file input-v2.pdb (PDB, C-alpha atoms)
ATOM      1  CA  ARG G   1      86.914  33.078 193.352  1.00  0.00           C
ATOM      2  CA  THR G   2      85.669  36.080 191.360  1.00  0.00           C
ATOM      3  CA  SER G   3      82.306  37.798 191.204  1.00  0.00           C
ATOM      4  CA  VAL G   4      80.655  40.729 189.495  1.00  0.00           C
ATOM      5  CA  VAL G   5      79.913  43.038 192.432  1.00  0.00           C
ATOM      6  CA  PRO G   6      78.653  46.535 193.268  1.00  0.00           C
ATOM      7  CA  LEU G   7      81.233  49.335 193.207  1.00  0.00           C
ATOM      8  CA  GLY G   8      81.187  49.547 196.998  1.00  0.00           C
ATOM      9  CA  ASP G   9      82.709  46.076 197.235  1.00  0.00           C
ATOM     10  CA  VAL G  10      85.865  47.083 195.323  1.00  0.00           C
ATOM     11  CA  PHE G  11      86.155  50.792 196.063  1.00  0.00           C
ATOM     12  CA  ARG G  12      88.292  50.534 199.213  1.00  0.00           C
ATOM     13  CA  LEU G  13      90.945  48.408 197.483  1.00  0.00           C
ATOM     14  CA  ARG G  14      90.882  50.610 194.358  1.00  0.00           C
ATOM     15  CA  ARG G  15      91.479  53.713 196.447  1.00  0.00           C
ATOM     16  CA  GLU G  16      94.159  52.182 198.695  1.00  0.00           C
ATOM     17  CA  VAL G  17      96.215  50.831 195.789  1.00  0.00           C
ATOM     18  CA  LEU G  18      95.666  53.362 193.013  1.00  0.00           C
ATOM     19  CA  ARG G  19      95.125  56.647 194.865  1.00  0.00           C
ATOM     20  CA  PRO G  20      96.943  56.306 198.208  1.00  0.00           C
ATOM     21  CA  GLY G  21      96.918  59.474 200.276  1.00  0.00           C
ATOM     22  CA  LEU G  22      94.588  61.249 197.850  1.00  0.00           C
ATOM     23  CA  PRO G  23      91.022  62.344 198.525  1.00  0.00           C
ATOM     24  CA  GLU G  24      88.359  59.644 198.249  1.00  0.00           C
ATOM     25  CA  ASP G  25      86.823  61.328 195.198  1.00  0.00           C
ATOM     26  CA  SER G  26      90.071  60.809 193.255  1.00  0.00           C
ATOM     27  CA  ALA G  27      89.217  57.094 193.100  1.00  0.00           C
ATOM     28  CA  ARG G  28      85.689  57.673 191.777  1.00  0.00           C
ATOM     29  CA  PHE G  29      85.348  57.491 188.016  1.00  0.00           C
ATOM     30  CA  ALA G  30      82.533  59.097 186.027  1.00  0.00           C
ATOM     31  CA  GLU G  31      82.172  55.795 184.138  1.00  0.00           C
ATOM     32  CA  ASP G  32      81.282  53.910 187.342  1.00  0.00           C
ATOM     33  CA  GLU G  33      77.625  54.774 186.860  1.00  0.00           C
ATOM     34  CA  LEU G  34      77.380  54.163 183.111  1.00  0.00           C
ATOM     35  CA  PRO G  35      74.748  51.699 181.925  1.00  0.00           C
ATOM     36  CA  GLY G  36      76.591  48.473 181.197  1.00  0.00           C
ATOM     37  CA  ALA G  37      79.443  49.193 183.628  1.00  0.00           C
ATOM     38  CA  PHE G  38      80.422  46.383 185.977  1.00  0.00           C
ATOM     39  CA  HIS G  39      83.005  45.679 188.662  1.00  0.00           C
ATOM     40  CA  VAL G  40      84.829  42.433 189.414  1.00  0.00           C
ATOM     41  CA  ALA G  41      86.275  41.321 192.748  1.00  0.00           C
ATOM     42  CA  ALA G  42      88.707  38.456 193.316  1.00  0.00           C
ATOM     43  CA  TYR G  43      88.479  37.013 196.795  1.00  0.00           C
ATOM     44  CA  GLY G  44      90.976  35.441 199.136  1.00  0.00           C
ATOM     45  CA  GLU G  45      90.668  34.861 202.850  1.00  0.00           C
ATOM     46  CA  ASP G  46      92.094  36.805 205.748  1.00  0.00           C
ATOM     47  CA  ALA G  47      93.902  35.087 208.616  1.00  0.00           C
ATOM     48  CA  GLY G  48      90.557  34.206 210.184  1.00  0.00           C
ATOM     49  CA  GLY G  49      89.230  32.586 207.014  1.00  0.00           C
ATOM     50  CA  VAL G  50      86.885  35.476 206.201  1.00  0.00           C
ATOM     51  CA  PRO G  51      86.588  36.255 202.454  1.00  0.00           C
ATOM     52  CA  GLU G  52      88.137  39.574 201.479  1.00  0.00           C
ATOM     53  CA  VAL G  53      88.675  41.408 198.207  1.00  0.00           C
ATOM     54  CA  LEU G  54      92.325  41.009 197.144  1.00  0.00           C
ATOM     55  CA  GLY G  55      91.932  42.008 193.492  1.00  0.00           C
ATOM     56  CA  CYS G  56      89.526  44.263 191.619  1.00  0.00           C
ATOM     57  CA  GLY G  57      88.780  45.895 188.303  1.00  0.00           C
ATOM     58  CA  SER G  58      86.058  47.950 186.673  1.00  0.00           C
ATOM     59  CA  PHE G  59      84.836  47.518 183.107  1.00  0.00           C
ATOM     60  CA  TYR G  60      82.978  50.066 180.994  1.00  0.00           C
ATOM     61  CA  PRO G  61      81.394  49.992 177.545  1.00  0.00           C
ATOM     62  CA  GLU G  62      83.519  52.648 175.868  1.00  0.00           C
ATOM     63  CA  PRO G  63      84.752  52.867 172.282  1.00  0.00           C
ATOM     64  CA  PHE G  64      88.449  52.464 171.662  1.00  0.00           C
ATOM     65  CA  PRO G  65      89.789  56.023 171.213  1.00  0.00           C
ATOM     66  CA  ALA G  66      90.661  57.391 167.818  1.00  0.00           C
ATOM     67  CA  ALA G  67      94.197  58.709 167.332  1.00  0.00           C
ATOM     68  CA  GLY G  68      94.759  61.846 169.399  1.00  0.00           C
ATOM     69  CA  GLU G  69      91.712  61.394 171.651  1.00  0.00           C
ATOM     70  CA  ALA G  70      91.600  61.146 175.430  1.00  0.00           C
ATOM     71  CA  ALA G  71      94.756  59.833 177.079  1.00  0.00           C
ATOM     72  CA  GLY G  72      95.668  58.402 173.694  1.00  0.00           C
ATOM     73  CA  GLU G  73      97.060  61.797 172.639  1.00  0.00           C
ATOM     74  CA  ALA G  74     100.371  59.998 172.557  1.00  0.00           C
ATOM     75  CA  ALA G  75      98.838  56.795 171.239  1.00  0.00           C
ATOM     76  CA  GLY G  76      99.954  57.411 167.689  1.00  0.00           C
ATOM     77  CA  GLU G  77      98.815  55.900 164.454  1.00  0.00           C
ATOM     78  CA  GLY G  78      96.848  52.701 164.237  1.00  0.00           C
ATOM     79  CA  VAL G  79      94.618  53.724 167.121  1.00  0.00           C
ATOM     80  CA  GLY G  80      90.925  53.886 166.450  1.00  0.00           C
ATOM     81  CA  GLU G  81      87.718  51.975 166.528  1.00  0.00           C
ATOM     82  CA  ALA G  82      86.647  49.669 163.717  1.00  0.00           C
ATOM     83  CA  ALA G  83      83.130  50.100 162.394  1.00  0.00           C
ATOM     84  CA  GLY G  84      80.667  48.144 164.508  1.00  0.00           C
ATOM     85  CA  GLU G  85      83.271  47.182 167.107  1.00  0.00           C
ATOM     86  CA  VAL G  86      81.999  46.803 170.677  1.00  0.00           C
ATOM     87  CA  ALA G  87      84.730  47.770 173.134  1.00  0.00           C
ATOM     88  CA  TYR G  88      85.027  47.629 176.904  1.00  0.00           C
ATOM     89  CA  ARG G  89      87.514  49.755 178.801  1.00  0.00           C
ATOM     90  CA  ILE G  90      89.281  48.467 181.904  1.00  0.00           C
ATOM     91  CA  ARG G  91      89.924  50.853 184.796  1.00  0.00           C
ATOM     92  CA  GLY G  92      90.758  50.530 188.437  1.00  0.00           C
ATOM     93  CA  MET G  93      92.705  47.249 188.192  1.00  0.00           C
ATOM     94  CA  ALA G  94      94.332  46.685 191.575  1.00  0.00           C
ATOM     95  CA  SER G  95      95.672  43.914 193.762  1.00  0.00           C
ATOM     96  CA  ALA G  96      96.361  44.134 197.479  1.00  0.00           C
ATOM     97  CA  ALA G  97     100.116  44.390 198.073  1.00  0.00           C
ATOM     98  CA  ARG G  98     100.213  41.068 199.938  1.00  0.00           C
ATOM     99  CA  ALA G  99      98.413  39.334 197.062  1.00  0.00           C
ATOM    100  CA  ARG G 100     100.573  40.513 194.142  1.00  0.00           C
ATOM    101  CA  GLY G 101     101.980  37.781 191.965  1.00  0.00           C
ATOM    102  CA  ARG G 102      99.425  35.267 193.255  1.00  0.00           C
ATOM    103  CA  GLY G 103      96.962  35.410 190.335  1.00  0.00           C
ATOM    104  CA  TYR G 104      94.320  37.795 191.667  1.00  0.00           C
ATOM    105  CA  GLY G 105      94.869  40.352 188.901  1.00  0.00           C
ATOM    106  CA  ALA G 106      94.812  37.632 186.254  1.00  0.00           C
ATOM    107  CA  ALA G 107      91.577  36.264 187.736  1.00  0.00           C
ATOM    108  CA  VAL G 108      89.942  39.707 187.662  1.00  0.00           C
ATOM    109  CA  LEU G 109      91.050  40.279 184.075  1.00  0.00           C
ATOM    110  CA  ALA G 110      89.784  36.863 182.919  1.00  0.00           C
ATOM    111  CA  ALA G 111      86.438  37.310 184.693  1.00  0.00           C
ATOM    112  CA  GLY G 112      86.060  40.832 183.295  1.00  0.00           C
ATOM    113  CA  GLU G 113      86.817  39.661 179.764  1.00  0.00           C
ATOM    114  CA  ALA G 114      84.336  36.786 180.082  1.00  0.00           C
ATOM    115  CA  GLU G 115      81.583  39.112 181.334  1.00  0.00           C
ATOM    116  CA  ALA G 116      82.350  41.687 178.627  1.00  0.00           C
ATOM    117  CA  ARG G 117      82.131  38.918 175.989  1.00  0.00           C
ATOM    118  CA  ARG G 118      78.709  37.947 177.369  1.00  0.00           C
ATOM    119  CA  ARG G 119      77.740  41.575 176.877  1.00  0.00           C
ATOM    120  CA  GLY G 120      78.887  41.525 173.245  1.00  0.00           C
ATOM    121  CA  ALA G 121      82.427  42.935 173.478  1.00  0.00           C
ATOM    122  CA  ASP G 122      84.875  42.388 170.625  1.00  0.00           C
ATOM    123  CA  VAL G 123      87.707  44.416 172.150  1.00  0.00           C
ATOM    124  CA  MET G 124      89.135  45.180 175.579  1.00  0.00           C
ATOM    125  CA  TRP G 125      91.375  48.183 176.184  1.00  0.00           C
ATOM    126  CA  CYS G 126      92.842  50.343 178.910  1.00  0.00           C
ATOM    127  CA  ASN G 127      95.245  53.104 179.776  1.00  0.00           C
ATOM    128  CA  GLY G 128      97.519  50.934 181.907  1.00  0.00           C
ATOM    129  CA  ARG G 129     100.450  51.948 184.036  1.00  0.00           C
ATOM    130  CA  THR G 130     103.772  51.373 182.309  1.00  0.00           C
ATOM    131  CA  GLU G 131     104.866  49.184 185.224  1.00  0.00           C
ATOM    132  CA  ALA G 132     101.980  46.812 184.349  1.00  0.00           C
ATOM    133  CA  ARG G 133     103.068  46.365 180.724  1.00  0.00           C
ATOM    134  CA  ALA G 134     104.404  42.817 181.187  1.00  0.00           C
ATOM    135  CA  PHE G 135     101.168  41.804 182.930  1.00  0.00           C
ATOM    136  CA  TYR G 136      98.967  42.994 180.063  1.00  0.00           C
ATOM    137  CA  GLU G 137     101.251  41.549 177.393  1.00  0.00           C
ATOM    138  CA  ARG G 138     101.224  38.133 179.144  1.00  0.00           C
ATOM    139  CA  HIS G 139      97.439  38.232 178.816  1.00  0.00           C
ATOM    140  CA  GLY G 140      97.383  38.952 175.098  1.00  0.00           C
ATOM    141  CA  TYR G 141      97.247  42.751 175.109  1.00  0.00           C
ATOM    142  CA  ARG G 142      99.418  44.785 172.799  1.00  0.00           C
ATOM    143  CA  THR G 143     100.716  48.281 173.346  1.00  0.00           C
ATOM    144  CA  VAL G 144      99.306  50.893 171.016  1.00  0.00           C
ATOM    145  CA  GLY G 145     101.304  54.086 170.550  1.00  0.00           C
ATOM    146  CA  ALA G 146     103.849  55.779 172.740  1.00  0.00           C
ATOM    147  CA  GLU G 147     104.052  56.089 176.493  1.00  0.00           C
ATOM    148  CA  PHE G 148     102.218  59.079 177.975  1.00  0.00           C
ATOM    149  CA  GLU G 149     101.937  60.660 181.398  1.00  0.00           C
ATOM    150  CA  ILE G 150      98.774  60.983 183.473  1.00  0.00           C
ATOM    151  CA  GLU G 151      99.474  63.873 185.807  1.00  0.00           C
ATOM    152  CA  GLY G 152      99.638  62.826 189.423  1.00  0.00           C
ATOM    153  CA  VAL G 153      99.440  59.126 188.522  1.00  0.00           C
ATOM    154  CA  GLY G 154     102.462  58.409 186.328  1.00  0.00           C
ATOM    155  CA  PRO G 155     103.507  56.945 182.965  1.00  0.00           C
ATOM    156  CA  HIS G 156     100.973  54.873 181.008  1.00  0.00           C
ATOM    157  CA  HIS G 157     100.443  53.014 177.740  1.00  0.00           C
ATOM    158  CA  VAL G 158      97.273  52.210 175.845  1.00  0.00           C
ATOM    159  CA  PHE G 159      96.757  48.421 175.800  1.00  0.00           C
ATOM    160  CA  ARG G 160      94.337  46.635 173.483  1.00  0.00           C
ATOM    161  CA  ARG G 161      93.194  43.052 173.015  1.00  0.00           C
ATOM    162  CA  GLU G 162      90.799  41.660 170.448  1.00  0.00           C
ATOM    163  CA  LEU G 163      88.471  39.014 171.878  1.00  0.00           C
ATOM    164  CA  GLY G 164      88.167  36.345 169.263  1.00  0.00           C
TER     165      GLY G 164
END
call {"tool": "encode", "arguments": {"input": "input-v2.pdb", "output": "structure tokens"}}
result
Amino acid sequence: RTSVVPLGDVFRLRREVLRPGLPEDSARFAEDELPGAFHVAAYGEDAGGVPEVLGCGSFYPEPFPAAGEAAGEAAGEGVGEAAGEVAYRIRGMASAARARGRGYGAAVLAAGEAEARRRGADVMWCNGRTEARAFYERHGYRTVGAEFEIEGVGPHHVFRRELG
């Protein structure tokens, strides 16, 4: 089951998976408080049958970067926003280690795309870890530009999907 939830419901998992051993603030994103931002949790149950967040993602209304902007410095040609395009950026996608490969990430992505569509999105995009490339491509995303490094986090690609 998935739900749109407050940041506090997904923050612990985001921090544990994406910023292990780093200060808590490293898992806070400026976009978390943007108007139109939302967070999705995918729930499973612990051994006692209590619902717990096993997958999460955050979604922000943010234009697709033009060539050379933001982390897309290495994105290359063909990157940019079409006139009138409404884009949502994905950040903080994470699945608990014990839940990987069991559909929680896919459920978060599908729920986030559906909610973004309801909010008028035409495009979804993210700076995704290179190791997640197959995941994004399986879900209809294409890589835009070359691989680039986010210091302290690792190699990434820009991924984009048109919602049609």
call {"tool": "atom_distance", "arguments": {"input": "input-v2.pdb", "atom1": "CA of Ala41 (chain G)", "atom2": "CA of Tyr88 (chain G)"}}
result
17.1 Å
call {"tool": "atom_distance", "arguments": {"input": "input-v2.pdb", "atom1": "CA of Ser26 (chain G)", "atom2": "CA of Arg129 (chain G)"}}
result
16.5 Å
call {"tool": "residues_around", "arguments": {"input": "input-v2.pdb", "residues": "Gly152 (chain G)", "least_positions_apart": "5", "cutoff": "12 Å", "atoms": "only C-alpha atoms", "output": "list in words"}}
result
Leu18, Arg19, Pro20, Gly21, Leu22 and Ser26 of chain G
call {"tool": "resolve_selection", "arguments": {"input": "input-v2.pdb", "expression": "the PyMOL selection byres ((chain G and resi 108) around 8)", "output": "JSON, numbers by chain"}}
result
{"G": [2, 40, 41, 42, 55, 56, 57, 104, 105, 106, 107, 109, 110, 111, 112]}
call {"tool": "atom_distance", "arguments": {"input": "input-v2.pdb", "atom1": "CA of Ala134 (chain G)", "atom2": "CA of Val86 (chain G)"}}
result
25.1 Å
call {"tool": "residues_near_point", "arguments": {"input": "input-v2.pdb", "point": "(87.1, 38.1, 169.8)", "cutoff": "12 Å", "atoms": "only C-alpha atoms", "output": "JSON, numbers by chain"}}
result
{"G": [85, 86, 87, 113, 114, 116, 117, 118, 120, 121, 122, 123, 124, 140, 160, 161, 162, 163, 164]}
call {"tool": "closest_residue", "arguments": {"input": "input-v2.pdb", "among": "G:Ala99, G:Phe148, G:Ile90, G:Val158", "to": "Asp46 (chain G)", "atoms": "all atoms listed in the file"}}
result
G:Ala99
call {"tool": "closest_residue", "arguments": {"input": "input-v2.pdb", "among": "G:His39, G:Arg28, G:Arg15, G:His156", "to": "Asn127 (chain G)", "atoms": "only C-alpha atoms"}}
result
G:His156
call {"tool": "residues_around", "arguments": {"input": "input-v2.pdb", "residues": "His157 (chain G)", "least_positions_apart": "3", "cutoff": "6 Å", "atoms": "all atoms listed in the file", "output": "ChimeraX atom specification"}}
result
/G:127-128,130,147
call {"tool": "resolve_selection", "arguments": {"input": "input-v2.pdb", "expression": "the PyMOL selection byres ((chain G and resi 5) around 9)", "output": "NGL selection string"}}
result
:G and (3-4 or 6-10 or 38-41)
call {"tool": "closest_residue", "arguments": {"input": "input-v2.pdb", "among": "G:Ala94, G:Val50, G:Cys126, G:Ala27", "to": "Val144 (chain G)", "atoms": "all atoms listed in the file"}}
result
G:Cys126
call {"tool": "resolve_selection", "arguments": {"input": "input-v2.pdb", "expression": "the PyMOL selection byres ((chain G and resi 60) around 7)", "output": "PyMOL selection string"}}
result
chain G and resi 31+36-38+58-59+61-62+88-90
call {"tool": "closest_residue", "arguments": {"input": "input-v2.pdb", "among": "G:Ala132, G:Phe29, G:Arg138, G:Arg119", "to": "Arg100 (chain G)", "atoms": "only C-alpha atoms"}}
result
G:Ala132
call {"tool": "axis_aligned_box", "arguments": {"input": "input-v2.pdb", "around": "region 113-126 of chain G", "padding_each_side": "3 Å", "output": "JSON"}}
result
{"center_x": 85.3, "center_y": 43.6, "center_z": 176.0, "size_x": 21.1, "size_y": 19.6, "size_z": 16.7}
